[in-house]
file coords_28.txt (compact mmCIF, C-alpha atoms)
# COMPACT_ATOMS: atom_id res chain seq x y z
CA GLU A 18 -56.95 3.67 -37.34
CA ALA A 19 -54.28 2.35 -39.67
CA GLY A 20 -52.77 -0.96 -38.62
CA VAL A 21 -49.17 -2.09 -38.53
CA THR A 22 -47.75 -1.91 -42.03
CA GLN A 23 -44.84 -3.94 -43.27
CA PHE A 24 -43.11 -3.82 -46.61
CA PRO A 25 -42.18 -5.34 -48.79
CA SER A 26 -44.65 -8.18 -48.43
CA HIS A 27 -42.26 -10.49 -50.28
CA SER A 28 -38.58 -10.30 -51.07
CA VAL A 29 -36.38 -12.72 -52.95
CA ILE A 30 -32.66 -12.02 -52.83
CA GLU A 31 -29.47 -13.87 -53.53
CA LYS A 32 -27.16 -15.06 -50.83
CA GLY A 33 -24.71 -12.32 -49.93
CA GLN A 34 -27.03 -9.47 -50.84
CA THR A 35 -28.53 -6.94 -48.47
CA VAL A 36 -32.20 -6.56 -47.67
CA THR A 37 -33.99 -3.98 -45.57
CA LEU A 38 -37.41 -4.64 -44.13
CA ARG A 39 -39.58 -1.84 -42.89
CA CYS A 40 -42.30 -1.67 -40.27
CA ASP A 41 -44.64 1.23 -39.63
CA PRO A 42 -46.33 0.77 -36.26
CA ILE A 43 -49.64 2.18 -35.19
CA SER A 44 -49.20 5.87 -34.46
CA GLY A 45 -48.57 6.48 -30.78
CA HIS A 46 -47.45 2.94 -29.99
CA ASP A 47 -44.18 3.22 -28.11
CA ASN A 48 -43.47 -0.52 -28.18
CA LEU A 49 -42.34 -2.15 -31.40
CA TYR A 50 -41.32 -5.78 -31.79
CA TRP A 51 -39.72 -7.89 -34.49
CA TYR A 52 -40.34 -11.62 -34.71
CA ARG A 53 -39.31 -14.24 -37.26
CA ARG A 54 -40.79 -17.55 -38.31
CA VAL A 55 -38.57 -19.97 -40.10
CA MET A 56 -40.58 -22.55 -42.06
CA GLY A 57 -41.85 -25.33 -39.83
CA LYS A 58 -40.56 -23.77 -36.65
CA GLU A 59 -41.83 -21.50 -33.93
CA ILE A 60 -42.19 -17.77 -34.29
CA LYS A 61 -39.16 -16.40 -32.49
CA PHE A 62 -38.68 -13.05 -30.83
CA LEU A 63 -35.92 -10.91 -32.30
CA LEU A 64 -36.04 -7.59 -30.49
CA HIS A 65 -38.12 -4.96 -28.74
CA PHE A 66 -37.97 -1.19 -29.07
CA VAL A 67 -39.43 1.27 -26.62
CA LYS A 68 -39.62 4.44 -28.64
CA GLU A 69 -36.19 4.68 -30.27
CA SER A 70 -34.34 2.61 -27.66
CA LYS A 71 -33.65 -1.11 -27.86
CA GLN A 72 -35.27 -2.58 -24.77
CA ASP A 73 -34.34 -6.17 -25.50
CA GLU A 74 -32.36 -7.50 -28.46
CA SER A 75 -31.62 -10.91 -27.03
CA GLY A 76 -33.28 -12.67 -29.94
CA MET A 77 -31.17 -11.20 -32.71
CA PRO A 78 -29.43 -14.16 -34.38
CA ASN A 79 -26.06 -12.54 -35.13
CA ASN A 80 -24.39 -9.32 -36.16
CA ARG A 81 -25.63 -9.62 -39.73
CA PHE A 82 -28.93 -8.27 -38.44
CA LEU A 83 -29.29 -4.58 -37.65
CA ALA A 84 -32.49 -2.98 -36.41
CA GLU A 85 -33.14 0.71 -36.07
CA ARG A 86 -36.03 2.88 -35.06
CA THR A 87 -35.11 6.45 -35.78
CA GLY A 88 -37.22 9.01 -33.96
CA GLY A 89 -39.31 6.32 -32.38
CA THR A 90 -41.56 5.97 -35.40
CA TYR A 91 -40.99 3.37 -38.11
CA SER A 92 -38.37 0.66 -37.79
CA THR A 93 -36.08 -1.06 -40.24
CA LEU A 94 -34.45 -4.44 -40.03
CA LYS A 95 -31.46 -4.90 -42.29
CA VAL A 96 -29.84 -8.20 -43.07
CA GLN A 97 -26.34 -7.90 -44.49
CA PRO A 98 -25.09 -10.14 -45.97
CA ALA A 99 -28.08 -12.45 -46.23
CA GLU A 100 -27.61 -16.19 -45.80
CA LEU A 101 -29.89 -19.06 -46.82
CA GLU A 102 -30.95 -19.70 -43.22
CA ASP A 103 -32.32 -16.16 -42.97
CA SER A 104 -35.29 -17.16 -45.12
CA GLY A 105 -38.59 -16.94 -43.30
CA VAL A 106 -41.42 -14.61 -42.46
CA TYR A 107 -40.52 -11.51 -40.48
CA PHE A 108 -43.32 -10.09 -38.36
CA CYS A 109 -43.53 -6.72 -36.75
CA ALA A 110 -45.90 -5.85 -33.92
CA SER A 111 -46.63 -2.71 -31.99
CA SER A 112 -48.30 -2.03 -28.68
CA PRO A 113 -49.23 0.93 -26.52
CA GLY A 114 -48.14 -1.00 -23.45
CA ASP A 115 -51.17 -2.93 -22.26
CA ASN A 116 -50.23 -6.31 -23.73
CA GLY A 117 -52.43 -5.48 -26.69
CA TYR A 118 -50.19 -6.39 -29.58
CA THR A 119 -51.13 -5.57 -33.16
CA PHE A 120 -49.21 -7.51 -35.74
CA GLY A 121 -48.41 -6.63 -39.32
CA SER A 122 -48.94 -9.04 -42.20
CA GLY A 123 -45.28 -9.96 -42.28
CA THR A 124 -42.53 -9.90 -44.90
CA ARG A 125 -41.71 -13.21 -46.53
CA LEU A 126 -37.97 -13.27 -47.19
CA THR A 127 -36.48 -15.88 -49.47
CA VAL A 128 -32.71 -16.09 -49.82
CA VAL A 129 -31.58 -18.16 -52.81
CA ALA B 13 -36.66 -21.46 -20.35
CA GLN B 14 -40.31 -21.23 -21.22
CA THR B 15 -41.58 -23.36 -24.07
CA VAL B 16 -44.92 -23.72 -25.83
CA THR B 17 -45.94 -26.95 -27.56
CA GLN B 18 -48.71 -27.40 -30.08
CA SER B 19 -48.89 -31.10 -30.85
CA GLN B 20 -51.29 -30.88 -33.80
CA PRO B 21 -49.59 -29.53 -36.95
CA GLU B 22 -52.83 -29.75 -38.94
CA MET B 23 -56.50 -30.26 -38.22
CA SER B 24 -59.71 -30.11 -40.15
CA VAL B 25 -63.32 -29.71 -39.14
CA GLN B 26 -66.66 -29.59 -40.89
CA GLU B 27 -68.46 -26.29 -40.99
CA ALA B 28 -70.75 -25.78 -37.96
CA GLU B 29 -68.95 -28.41 -35.90
CA THR B 30 -66.71 -27.91 -32.87
CA VAL B 31 -62.96 -28.33 -32.81
CA THR B 32 -60.39 -28.15 -30.03
CA LEU B 33 -56.77 -27.15 -30.56
CA SER B 34 -54.30 -28.22 -27.91
CA CYS B 35 -51.47 -26.27 -26.34
CA THR B 36 -49.17 -27.06 -23.45
CA TYR B 37 -46.46 -24.91 -22.02
CA ASP B 38 -43.64 -25.11 -19.56
CA THR B 39 -42.72 -22.42 -17.08
CA SER B 40 -41.63 -22.00 -13.50
CA GLU B 41 -43.39 -18.66 -13.25
CA ASN B 42 -46.67 -18.23 -11.40
CA ASN B 43 -47.93 -15.10 -13.11
CA TYR B 44 -48.13 -14.94 -16.87
CA TYR B 45 -50.42 -14.46 -19.86
CA LEU B 46 -51.49 -16.97 -22.45
CA PHE B 47 -52.78 -16.14 -25.90
CA TRP B 48 -54.25 -17.68 -29.00
CA TYR B 49 -53.49 -15.87 -32.25
CA LYS B 50 -54.99 -16.58 -35.65
CA GLN B 51 -53.33 -15.92 -38.99
CA PRO B 52 -55.60 -16.35 -42.02
CA PRO B 53 -53.86 -17.08 -45.33
CA SER B 54 -51.85 -14.06 -46.51
CA ARG B 55 -53.23 -11.86 -43.78
CA GLN B 56 -52.03 -10.43 -40.53
CA MET B 57 -52.00 -12.26 -37.25
CA ILE B 58 -54.80 -11.25 -34.92
CA LEU B 59 -55.53 -11.96 -31.28
CA VAL B 60 -58.30 -14.48 -30.71
CA ILE B 61 -58.34 -14.75 -26.95
CA ARG B 62 -56.23 -13.96 -23.91
CA GLN B 63 -56.01 -15.53 -20.44
CA GLU B 64 -54.33 -14.19 -17.33
CA ALA B 65 -52.85 -17.03 -15.29
CA TYR B 66 -54.15 -15.64 -12.00
CA LYS B 67 -57.73 -15.89 -13.22
CA GLN B 68 -59.37 -19.25 -12.68
CA GLN B 69 -62.28 -18.50 -14.96
CA ASN B 70 -61.73 -19.58 -18.54
CA ALA B 71 -61.74 -16.75 -21.07
CA THR B 72 -64.47 -16.69 -23.72
CA GLU B 73 -64.89 -14.60 -26.86
CA ASN B 74 -68.07 -15.42 -28.74
CA ARG B 75 -67.51 -18.81 -30.42
CA PHE B 76 -64.00 -19.11 -29.01
CA SER B 77 -63.28 -20.38 -25.51
CA VAL B 78 -60.31 -21.82 -23.69
CA ASN B 79 -59.82 -24.63 -21.23
CA PHE B 80 -57.06 -23.35 -18.97
CA GLN B 81 -55.61 -25.98 -16.65
CA LYS B 82 -52.85 -24.22 -14.73
CA ALA B 83 -51.60 -27.23 -12.79
CA ALA B 84 -51.38 -29.27 -15.97
CA LYS B 85 -49.95 -26.29 -17.91
CA SER B 86 -52.52 -26.76 -20.60
CA PHE B 87 -54.34 -24.10 -22.60
CA SER B 88 -56.61 -25.54 -25.29
CA LEU B 89 -58.78 -23.51 -27.65
CA LYS B 90 -62.31 -24.59 -28.50
CA ILE B 91 -63.99 -23.21 -31.59
CA SER B 92 -67.74 -23.78 -31.64
CA ASP B 93 -69.94 -23.62 -34.73
CA SER B 94 -66.88 -23.49 -37.01
CA GLN B 95 -67.11 -21.15 -39.98
CA LEU B 96 -65.20 -21.12 -43.25
CA GLY B 97 -63.53 -17.89 -42.14
CA ASP B 98 -61.95 -19.73 -39.23
CA THR B 99 -59.57 -21.41 -41.66
CA ALA B 100 -56.14 -20.17 -40.55
CA MET B 101 -52.94 -20.94 -38.70
CA TYR B 102 -53.51 -20.81 -34.96
CA PHE B 103 -50.63 -19.99 -32.65
CA CYS B 104 -50.57 -20.46 -28.91
CA ALA B 105 -48.31 -17.99 -27.09
CA PHE B 106 -46.99 -17.27 -23.60
CA MET B 107 -45.79 -14.06 -22.00
CA ASN B 108 -44.29 -13.44 -18.58
CA TYR B 109 -46.24 -11.04 -16.43
CA GLY B 110 -45.05 -7.84 -14.91
CA GLY B 111 -42.83 -4.87 -15.50
CA SER B 112 -42.43 -3.58 -19.01
CA GLN B 113 -44.00 -5.62 -21.72
CA GLY B 114 -42.22 -8.84 -22.34
CA ASN B 115 -41.93 -10.77 -25.51
CA LEU B 116 -44.20 -13.57 -26.70
CA ILE B 117 -43.09 -17.18 -26.85
CA PHE B 118 -44.96 -19.05 -29.55
CA GLY B 119 -45.74 -22.63 -30.39
CA LYS B 120 -45.21 -23.98 -33.91
CA GLY B 121 -48.82 -23.45 -34.84
CA THR B 122 -51.77 -25.58 -35.92
CA LYS B 123 -53.13 -25.24 -39.42
CA LEU B 124 -56.92 -25.47 -39.21
CA SER B 125 -59.04 -26.10 -42.27
CA VAL B 126 -62.80 -25.69 -42.06
CA LYS B 127 -64.54 -27.69 -44.77
CA PRO B 128 -67.96 -26.87 -46.21
call {"tool": "encode", "arguments": {"input": "coords_28.txt", "output": "C-alpha cells"}}
result
Amino acid sequence: EAGVTQFPSHSVIEKGQTVTLRCDPISGHDNLYWYRRVMGKEIKFLLHFVKESKQDESGMPNNRFLAERTGGTYSTLKVQPAELEDSGVYFCASSPGDNGYTFGSGTRLTVV
Amino acid sequence: AQTVTQSQPEMSVQEAETVTLSCTYDTSENNYYLFWYKQPPSRQMILVIRQEAYKQQNATENRFSVNFQKAAKSFSLKISDSQLGDTAMYFCAFMNYGGSQGNLIFGKGTKLSVKP
C-alpha cells in the first residue's frame, strides 16, 4: 500500500510569492489533516478534511492560507502571498477513522 | 486548552542502553489518547506507541514501553536496548477521545541520538 505522499519535499520562495503544497493520502482514507511545524516550536494542527468537506479549520493561521480537497482525494494547501513567518515543515496525514494516522514526509518551506 | 510539554530538547544514549523520554500534558478531559511518534532524519513520522487514558495498563511495543501516570499527567517513553536506527525526533502527542477524529496536540519534540 502506498503511503501518504507530499510534494514538493522542499520549496524555497521569496516573500510575496505563491506556493502550493500537495498531499496525496492513502487511497480510501476519508480523513486528511494538515499540520505545520515552525522551527523550534510544536507541530500545530491546521485543518481537517473529511472527504472533500472541511471538518475543522480552526488552526489555519490567516486568510493567506487556502486548503482544498477536490473530489475527496488529494489536497492542496496554497499560501498566497507567502511571508517569512510561514517558513516551516508542513505535514499531511490521513486516516481511515480509527485514530490510525499515517503521516507524509513533510514539505519544508523556506520563505526568504 | 490542552498542552503537551517535552522538557528534554535533546538526549543521547549509548547503543544497547536504555533511555527514557519525558512528556507531561495538561487537560481537564477524562478520556483521551496519548501517542509517541518518531521522525527519523528526512523521513516520515511514524507511530511508536499509543495509550488510551481509560486503560491502566501501560502500553508496550517490543523495545518501546510507556509509563502512564494519569493523576500526574505524565506519559514517558522508555526505549530498551537502544539501536542506531532509533536516532530520531520523538514527539509526544495528545488527542481528545470521542466523536469524529480529533486533531493531535504535539509537544516540541526530543531529539534522540543513539551513539555506537
call {"tool": "residues_around", "arguments": {"input": "coords_28.txt", "residues": "A:Pro42", "least_positions_apart": "4", "cutoff": "10 Å", "atoms": "all atoms listed in the file", "output": "list in words"}}
result
Ala19, Gly20, Val21, Thr22, Gln23, His46, Asp47, Asn48, Leu49, Tyr50, Gly89, Thr90, Tyr91, Ser92, Cys109, Ala110, Ser111, Ser112, Thr119, Phe120 and Gly121 of chain A
call {"tool": "closest_atom_pairs", "arguments": {"input": "coords_28.txt", "of": "chain A", "to": "chain B", "cutoff": "12 Å", "atoms": "only C-alpha atoms", "output": "tab-separated table"}}
result
residue	atom	partner	partner_atom	distance
A:Gly20	CA	B:Gln56	CA	9.7
A:Val21	CA	B:Gln56	CA	9.0
A:Thr22	CA	B:Gln56	CA	9.7
A:Gln23	CA	B:Gln56	CA	10.1
A:Ser26	CA	B:Ser54	CA	9.5
A:His27	CA	B:Ser54	CA	10.9
A:Asp47	CA	B:Gln113	CA	10.9
A:Asn48	CA	B:Gln113	CA	8.2
A:Leu49	CA	B:Gln113	CA	10.4
A:Tyr50	CA	B:Asn115	CA	8.0
A:Trp51	CA	B:Asn115	CA	9.7
A:Tyr52	CA	B:Leu116	CA	9.1
A:Arg53	CA	B:Phe118	CA	10.7
A:Arg54	CA	B:Lys120	CA	9.0
A:Val55	CA	B:Lys120	CA	9.9
A:Met56	CA	B:Lys120	CA	9.5
A:Gly57	CA	B:Lys120	CA	6.9
A:Lys58	CA	B:Lys120	CA	5.4
A:Glu59	CA	B:Lys120	CA	4.2
A:Ile60	CA	B:Phe118	CA	5.6
A:Lys61	CA	B:Ile117	CA	6.9
A:Phe62	CA	B:Asn115	CA	6.6
A:Leu63	CA	B:Asn115	CA	9.1
A:Leu64	CA	B:Asn115	CA	8.3
A:His65	CA	B:Asn115	CA	7.7
A:Phe66	CA	B:Gln113	CA	10.5
A:Val67	CA	B:Ser112	CA	9.5
A:Gln72	CA	B:Ser112	CA	9.2
A:Asp73	CA	B:Asn115	CA	8.9
A:Glu74	CA	B:Asn115	CA	10.5
A:Ser75	CA	B:Asn115	CA	10.4
A:Gly76	CA	B:Asn115	CA	9.9
A:Val106	CA	B:Ser54	CA	11.2
A:Tyr107	CA	B:Gln56	CA	11.6
A:Phe108	CA	B:Gln56	CA	9.0
A:Cys109	CA	B:Gln56	CA	10.0
A:Ala110	CA	B:Met57	CA	9.5
A:Ser111	CA	B:Gln113	CA	11.0
A:Ser112	CA	B:Gln113	CA	8.9
A:Pro113	CA	B:Gln113	CA	9.7
A:Gly114	CA	B:Gln113	CA	6.4
A:Asp115	CA	B:Gln113	CA	7.7
A:Asn116	CA	B:Gln113	CA	6.6
A:Gly117	CA	B:Leu59	CA	8.5
A:Tyr118	CA	B:Leu59	CA	7.9
A:Thr119	CA	B:Ile58	CA	7.0
A:Phe120	CA	B:Met57	CA	5.7
A:Gly121	CA	B:Gln56	CA	5.4
A:Ser122	CA	B:Gln56	CA	3.8
A:Gly123	CA	B:Gln56	CA	7.0
A:Thr124	CA	B:Ser54	CA	10.3
A:Arg125	CA	B:Ser54	CA	10.2
call {"tool": "atom_distance", "arguments": {"input": "coords_28.txt", "atom1": "atom CA of B:Phe76", "atom2": "atom CA of B:Phe47"}}
result
12.0 Å
call {"tool": "residues_around", "arguments": {"input": "coords_28.txt", "residues": "B:Ala71", "least_positions_apart": "2", "cutoff": "12 Å", "atoms": "all atoms listed in the file", "output": "list in words"}}
result
Tyr45, Leu46, Phe47, Trp48, Val60, Ile61, Arg62, Gln63, Glu64, Ala65, Tyr66, Lys67, Gln68, Gln69, Glu73, Asn74, Arg75, Phe76, Ser77, Val78, Asn79, Phe80, Gln81, Phe87, Ser88, Leu89 and Lys90 of chain B
call {"tool": "residues_around", "arguments": {"input": "coords_28.txt", "residues": "A:Asp103", "least_positions_apart": "4", "cutoff": "8 Å", "atoms": "all atoms listed in the file", "output": "list of chain:residue names"}}
result
A:Val55, A:Ala99, A:Leu126, A:Thr127, A:Val128
call {"tool": "residues_around", "arguments": {"input": "coords_28.txt", "residues": "A:Glu31", "least_positions_apart": "3", "cutoff": "10 Å", "atoms": "only C-alpha atoms", "output": "list in words"}}
result
Gln34, Thr35, Val36, Pro98, Ala99, Glu100, Leu101, Thr127, Val128 and Val129 of chain A
call {"tool": "residues_near_point", "arguments": {"input": "coords_28.txt", "point": "(-54.4, -28.5, -40.3)", "cutoff": "10 Å", "atoms": "all atoms listed in the file", "output": "VMD selection string"}}
result
chain B and resid 20 to 25 99 to 102 121 to 126
call {"tool": "atom_distance", "arguments": {"input": "coords_28.txt", "atom1": "atom CA of A:Ile43", "atom2": "atom CA of A:Gln97"}}
result
27.0 Å
call {"tool": "residues_near_point", "arguments": {"input": "coords_28.txt", "point": "(-25.2, -7.3, -39.0)", "cutoff": "9 Å", "atoms": "only C-alpha atoms", "output": "list in words"}}
result
Asn79, Asn80, Arg81, Phe82, Leu83, Ala84, Lys95, Val96, Gln97 and Pro98 of chain A
call {"tool": "closest_residue", "arguments": {"input": "coords_28.txt", "among": "A:Phe24, A:Gly88, A:Met77, A:Ser70", "to": "A:Asp41", "atoms": "all atoms listed in the file"}}
result
A:Phe24
call {"tool": "atom_distance", "arguments": {"input": "coords_28.txt", "atom1": "atom CA of B:Thr32", "atom2": "atom CA of B:Asp93"}}
result
11.6 Å
call {"tool": "closest_residue", "arguments": {"input": "coords_28.txt", "among": "B:Cys35, B:Cys104, B:Ala13, B:Ala28", "to": "B:Ala84", "atoms": "all atoms listed in the file"}}
result
B:Cys35
